[in-house]
>>> print(open('query-v1.cif').read())   # mmCIF, C-alpha atoms
data_query
#
loop_
_atom_site.label_atom_id
_atom_site.label_comp_id
_atom_site.auth_asym_id
_atom_site.auth_seq_id
_atom_site.Cartn_x
_atom_site.Cartn_y
_atom_site.Cartn_z
CA MET W 3 25.47 21.47 -7.24
CA GLU W 4 28.25 19.49 -5.63
CA ARG W 5 28.49 15.74 -6.10
CA ILE W 6 29.00 13.41 -3.18
CA HIS W 7 31.86 10.98 -3.66
CA ALA W 8 32.40 7.68 -1.86
CA ALA W 9 35.69 8.94 -0.43
CA ASP W 10 33.91 11.89 1.18
CA VAL W 11 31.34 9.64 2.78
CA SER W 12 33.94 7.20 4.11
CA ALA W 13 36.05 10.05 5.51
CA ALA W 14 33.13 11.73 7.30
CA GLY W 15 30.59 8.91 7.63
CA GLY W 16 29.28 10.12 10.98
CA MET W 17 28.40 13.51 9.58
CA TYR W 18 26.50 11.98 6.66
CA GLY W 19 24.82 9.52 9.02
CA PHE W 20 23.70 12.34 11.33
CA GLY W 21 22.32 14.25 8.36
CA ASP W 22 20.32 11.20 7.36
CA LEU W 23 19.06 10.83 10.93
CA ILE W 24 17.85 14.44 10.99
CA LEU W 25 16.05 13.85 7.69
CA TYR W 26 14.35 10.70 9.03
CA ILE W 27 13.21 12.48 12.20
CA PHE W 28 11.81 15.33 10.09
CA VAL W 29 9.86 12.91 7.88
CA ILE W 30 8.49 11.04 10.92
CA CYS W 31 7.33 14.33 12.46
CA LEU W 32 5.68 15.29 9.19
CA PHE W 33 3.74 12.01 9.21
CA MET W 34 2.59 12.68 12.79
CA ILE W 35 0.65 15.81 11.75
CA PRO W 36 -1.96 14.07 9.53
CA THR W 37 -1.99 11.11 11.93
CA PHE W 38 -3.11 13.44 14.73
CA PHE W 39 -5.99 14.82 12.67
CA LEU W 40 -6.97 11.35 11.47
CA GLY W 41 -7.04 10.17 15.07
CA ARG W 42 -9.32 13.04 16.03
CA VAL W 43 -11.73 12.15 13.22
CA MET W 44 -11.66 8.44 14.09
CA ALA W 45 -12.28 9.17 17.78
CA GLY W 46 -15.92 9.91 16.99
CA PHE W 47 -16.60 6.32 15.86
CA GLU W 48 -16.47 3.79 18.68
CA GLY W 49 -16.01 0.62 16.64
CA LEU W 50 -13.35 2.10 14.39
CA TYR W 51 -11.38 3.66 17.24
CA THR W 52 -11.56 0.46 19.30
CA ALA W 53 -10.10 -1.49 16.36
CA TYR W 54 -7.40 1.19 16.04
CA SER W 55 -6.65 0.87 19.76
CA GLN W 56 -6.33 -2.90 19.39
CA LEU W 57 -3.88 -2.30 16.53
CA LEU W 58 -1.87 -0.02 18.83
CA VAL W 59 -1.70 -2.78 21.45
CA GLY W 60 -0.45 -5.18 18.78
CA ILE W 61 2.19 -2.72 17.63
CA SER W 62 3.30 -2.09 21.19
CA LEU W 63 3.60 -5.84 21.81
CA SER W 64 6.23 -5.99 19.09
CA ALA W 65 8.59 -3.90 21.27
CA PRO W 66 9.17 -6.52 24.02
CA VAL W 67 9.51 -9.20 21.36
CA CYS W 68 12.20 -7.18 19.58
CA LEU W 69 13.97 -6.41 22.85
CA SER W 70 14.03 -10.08 23.82
CA VAL W 71 15.26 -11.07 20.35
CA LEU W 72 18.13 -8.60 20.63
CA HIS W 73 18.99 -9.54 24.21
CA PHE W 74 18.65 -13.31 24.19
CA GLY W 75 19.32 -14.18 20.57
CA LYS W 76 22.71 -12.54 20.11
CA ASN W 77 24.34 -15.42 18.22
CA HIS W 78 21.20 -17.24 17.12
CA VAL W 79 19.40 -14.57 15.07
CA SER W 80 20.18 -13.43 11.55
CA GLU W 81 21.66 -10.00 11.09
CA ASN W 82 18.62 -8.81 9.12
CA LEU W 83 16.21 -9.71 11.91
CA ALA W 84 18.46 -8.09 14.52
CA SER W 85 18.62 -4.91 12.42
CA LEU W 86 14.84 -4.87 12.04
CA CYS W 87 14.42 -5.26 15.80
CA LEU W 88 16.93 -2.50 16.47
CA VAL W 89 15.13 -0.11 14.11
CA ARG W 90 11.83 -0.95 15.83
CA LEU W 91 13.30 -0.11 19.24
CA VAL W 92 14.89 3.11 18.00
CA CYS W 93 11.47 4.24 16.73
CA ALA W 94 9.91 3.58 20.16
CA PRO W 95 9.91 7.23 21.35
CA PHE W 96 7.93 8.29 18.29
CA ILE W 97 5.51 5.42 18.82
CA VAL W 98 5.06 6.46 22.46
CA VAL W 99 4.17 9.99 21.32
CA GLY W 100 1.67 8.58 18.81
CA ILE W 101 0.07 6.32 21.40
CA GLY W 102 -0.02 9.21 23.90
CA VAL W 103 -1.84 11.45 21.45
CA SER W 104 -4.22 8.58 20.68
CA ARG W 105 -4.95 8.27 24.40
CA ILE W 106 -5.66 11.98 24.68
CA VAL W 107 -8.21 12.00 21.86
CA ALA W 108 -9.88 8.72 22.90
CA ARG W 109 -13.51 9.21 23.95
CA PHE W 110 -14.72 5.69 24.78
CA ASP W 111 -13.80 3.63 27.84
CA ARG W 112 -12.64 0.51 25.99
CA ALA W 113 -10.45 2.55 23.64
CA LYS W 114 -9.00 4.47 26.60
CA LYS W 115 -8.10 1.23 28.38
CA LEU W 116 -6.50 -0.27 25.30
CA THR W 117 -4.41 2.82 24.59
CA VAL W 118 -3.27 2.92 28.23
CA TYR W 119 -2.22 -0.73 27.96
CA ALA W 120 -0.33 0.04 24.75
CA LEU W 121 1.35 3.02 26.39
CA LEU W 122 2.35 0.96 29.41
CA ILE W 123 3.77 -1.87 27.30
CA GLU W 124 5.76 0.52 25.12
CA GLY W 125 6.97 2.64 28.03
CA LEU W 126 8.02 -0.30 30.20
CA THR W 127 9.85 -1.83 27.26
CA MET W 128 11.76 1.41 26.75
CA VAL W 129 12.67 1.48 30.46
CA ALA W 130 13.79 -2.16 30.33
CA GLY W 131 15.84 -1.50 27.19
CA ILE W 132 17.58 1.46 28.82
CA ALA W 133 18.21 -0.63 31.96
CA LEU W 134 19.73 -3.42 29.87
CA LEU W 135 21.87 -0.89 28.01
CA VAL W 136 23.15 0.69 31.24
CA ARG W 137 23.73 -2.66 32.91
CA GLY W 138 25.97 -3.63 30.11
#
>>> encode(input="query-v1.cif", output="structure tokens")
Amino acid sequence: MERIHAADVSAAGGMYGFGDLILYIFVICLFMIPTFFLGRVMAGFEGLYTAYSQLLVGISLSAPVCLSVLHFGKNHVSENLASLCLVRLVCAPFIVVGIGVSRIVARFDRAKKLTVYALLIEGLTMVAGIALLVRG
């Protein structure tokens, strides 16, 4: 087995970074499989699935907060918080897929409404982030 040296990584950092990205996407997709089945099981219990839907709304509300922190707090926010917000926004497409699947398996009206709200918040934040990125 070949050892990875620091000089190799610094010479071809983008290639190693892309390999790490592919690994992260693979792990996220692996976690989505049991999440789908867990969501289907939880969908049969109204109280539990409503609480889960409220959690999804709370998670989706973190996206506009992170976008506003990155956009408005350029020089006023620590680098760690900015990195955390950037990672949260990069994970947004996977969160949208998770919320979309949760909406599909929802059986109760209140849970359906909450998951639609979460999907709208997350989707509109992604659109706003792309618009801010294109605008410059």
>>> closest_residue(input="query-v1.cif", among="W:Leu121, W:Leu88, W:Ile61, W:Val107", to="Val43 in chain W", atoms="all atoms listed in the file")
W:Val107
>>> resolve_selection(input="query-v1.cif", expression="the PyMOL selection byres ((chain W and resi 68) around 10)", output="ChimeraX atom specification")
/W:63-67,69-73,83-91,127
>>> residues_around(input="query-v1.cif", residues="Ile35 in chain W", least_positions_apart="6", cutoff="12 Å", atoms="all atoms listed in the file", output="PDB file with C-alpha atoms, in the frame of the given file")
ATOM      1  CA  PHE W  28      11.810  15.330  10.090  1.00  0.00           C
ATOM      2  CA  VAL W  29       9.860  12.910   7.880  1.00  0.00           C
ATOM      3  CA  GLY W  41      -7.040  10.170  15.070  1.00  0.00           C
ATOM      4  CA  ARG W  42      -9.320  13.040  16.030  1.00  0.00           C
ATOM      5  CA  VAL W  99       4.170   9.990  21.320  1.00  0.00           C
ATOM      6  CA  GLY W 100       1.670   8.580  18.810  1.00  0.00           C
ATOM      7  CA  VAL W 103      -1.840  11.450  21.450  1.00  0.00           C
TER       8      VAL W 103
END
>>> closest_residue(input="query-v1.cif", among="W:Leu25, W:Leu40, W:Ala108, W:Ile101", to="Leu57 in chain W", atoms="all atoms listed in the file")
W:Ile101
>>> atom_distance(input="query-v1.cif", atom1="CA of Arg105 in chain W", atom2="CA of Cys93 in chain W")
18.6 Å
>>> atom_distance(input="query-v1.cif", atom1="CA of Gly19 in chain W", atom2="CA of Met128 in chain W")
23.5 Å
>>> atom_distance(input="query-v1.cif", atom1="CA of Leu50 in chain W", atom2="CA of Thr117 in chain W")
13.6 Å
>>> residues_around(input="query-v1.cif", residues="Val118 in chain W", least_positions_apart="3", cutoff="12 Å", atoms="only C-alpha atoms", output="list in words")
Ser55, Gln56, Leu58, Val59, Ser62, Val98, Ile101, Gly102, Val103, Ser104, Arg105, Ile106, Ala108, Asp111, Arg112, Ala113, Lys114, Lys115, Leu121, Leu122, Ile123, Glu124, Gly125 and Leu126 of chain W
>>> closest_residue(input="query-v1.cif", among="W:Gly21, W:Gly60, W:Gly46, W:Gly131", to="Val92 in chain W", atoms="all atoms listed in the file")
W:Gly131
>>> build_atoms(input="query-v1.cif", residues="range 18-42 of chain W", atoms="N, CA and C atoms", output="CSV table (one decimal), in the coordinates of the input")
chain,number,residue,atom,x,y,z
W,18,TYR,N,27.5,12.4,7.6
W,18,TYR,CA,26.5,12.0,6.7
W,18,TYR,C,25.4,11.2,7.4
W,19,GLY,N,25.8,10.3,8.3
W,19,GLY,CA,24.8,9.5,9.0
W,19,GLY,C,23.9,10.4,9.9
W,20,PHE,N,24.5,11.4,10.5
W,20,PHE,CA,23.7,12.3,11.3
W,20,PHE,C,22.7,13.1,10.5
W,21,GLY,N,23.2,13.5,9.3
W,21,GLY,CA,22.3,14.2,8.4
W,21,GLY,C,21.1,13.4,7.9
W,22,ASP,N,21.4,12.1,7.7
W,22,ASP,CA,20.3,11.2,7.4
W,22,ASP,C,19.4,11.0,8.5
W,23,LEU,N,19.9,11.0,9.7
W,23,LEU,CA,19.1,10.8,10.9
W,23,LEU,C,18.1,12.0,11.1
W,24,ILE,N,18.7,13.2,10.9
W,24,ILE,CA,17.8,14.4,11.0
W,24,ILE,C,16.7,14.4,9.9
W,25,LEU,N,17.1,14.0,8.7
W,25,LEU,CA,16.0,13.8,7.7
W,25,LEU,C,15.0,12.9,8.1
W,26,TYR,N,15.3,11.7,8.6
W,26,TYR,CA,14.4,10.7,9.0
W,26,TYR,C,13.4,11.2,10.1
W,27,ILE,N,14.0,11.9,11.1
W,27,ILE,CA,13.2,12.5,12.2
W,27,ILE,C,12.2,13.5,11.6
W,28,PHE,N,12.7,14.3,10.7
W,28,PHE,CA,11.8,15.3,10.1
W,28,PHE,C,10.6,14.7,9.4
W,29,VAL,N,10.9,13.6,8.6
W,29,VAL,CA,9.9,12.9,7.9
W,29,VAL,C,8.9,12.3,8.8
W,30,ILE,N,9.4,11.7,9.9
W,30,ILE,CA,8.5,11.0,10.9
W,30,ILE,C,7.6,12.1,11.5
W,31,CYS,N,8.1,13.3,11.9
W,31,CYS,CA,7.3,14.3,12.5
W,31,CYS,C,6.3,14.8,11.5
W,32,LEU,N,6.7,14.9,10.2
W,32,LEU,CA,5.7,15.3,9.2
W,32,LEU,C,4.5,14.3,9.1
W,33,PHE,N,4.8,13.0,9.2
W,33,PHE,CA,3.7,12.0,9.2
W,33,PHE,C,2.9,12.1,10.5
W,34,MET,N,3.4,12.6,11.6
W,34,MET,CA,2.6,12.7,12.8
W,34,MET,C,1.5,13.7,12.7
W,35,ILE,N,1.7,14.7,11.9
W,35,ILE,CA,0.6,15.8,11.8
W,35,ILE,C,-0.7,15.3,11.2
W,36,PRO,N,-0.7,14.6,10.0
W,36,PRO,CA,-2.0,14.1,9.5
W,36,PRO,C,-2.5,12.9,10.4
W,37,THR,N,-1.6,12.2,11.1
W,37,THR,CA,-2.0,11.1,11.9
W,37,THR,C,-2.8,11.7,13.1
W,38,PHE,N,-2.4,12.8,13.6
W,38,PHE,CA,-3.1,13.4,14.7
W,38,PHE,C,-4.5,13.8,14.3
W,39,PHE,N,-4.7,14.4,13.1
W,39,PHE,CA,-6.0,14.8,12.7
W,39,PHE,C,-6.8,13.6,12.3
W,40,LEU,N,-6.2,12.6,11.8
W,40,LEU,CA,-7.0,11.4,11.5
W,40,LEU,C,-7.5,10.7,12.8
W,41,GLY,N,-6.6,10.7,13.8
W,41,GLY,CA,-7.0,10.2,15.1
W,41,GLY,C,-8.2,10.9,15.7
W,42,ARG,N,-8.2,12.2,15.5
W,42,ARG,CA,-9.3,13.0,16.0
W,42,ARG,C,-10.6,12.7,15.3
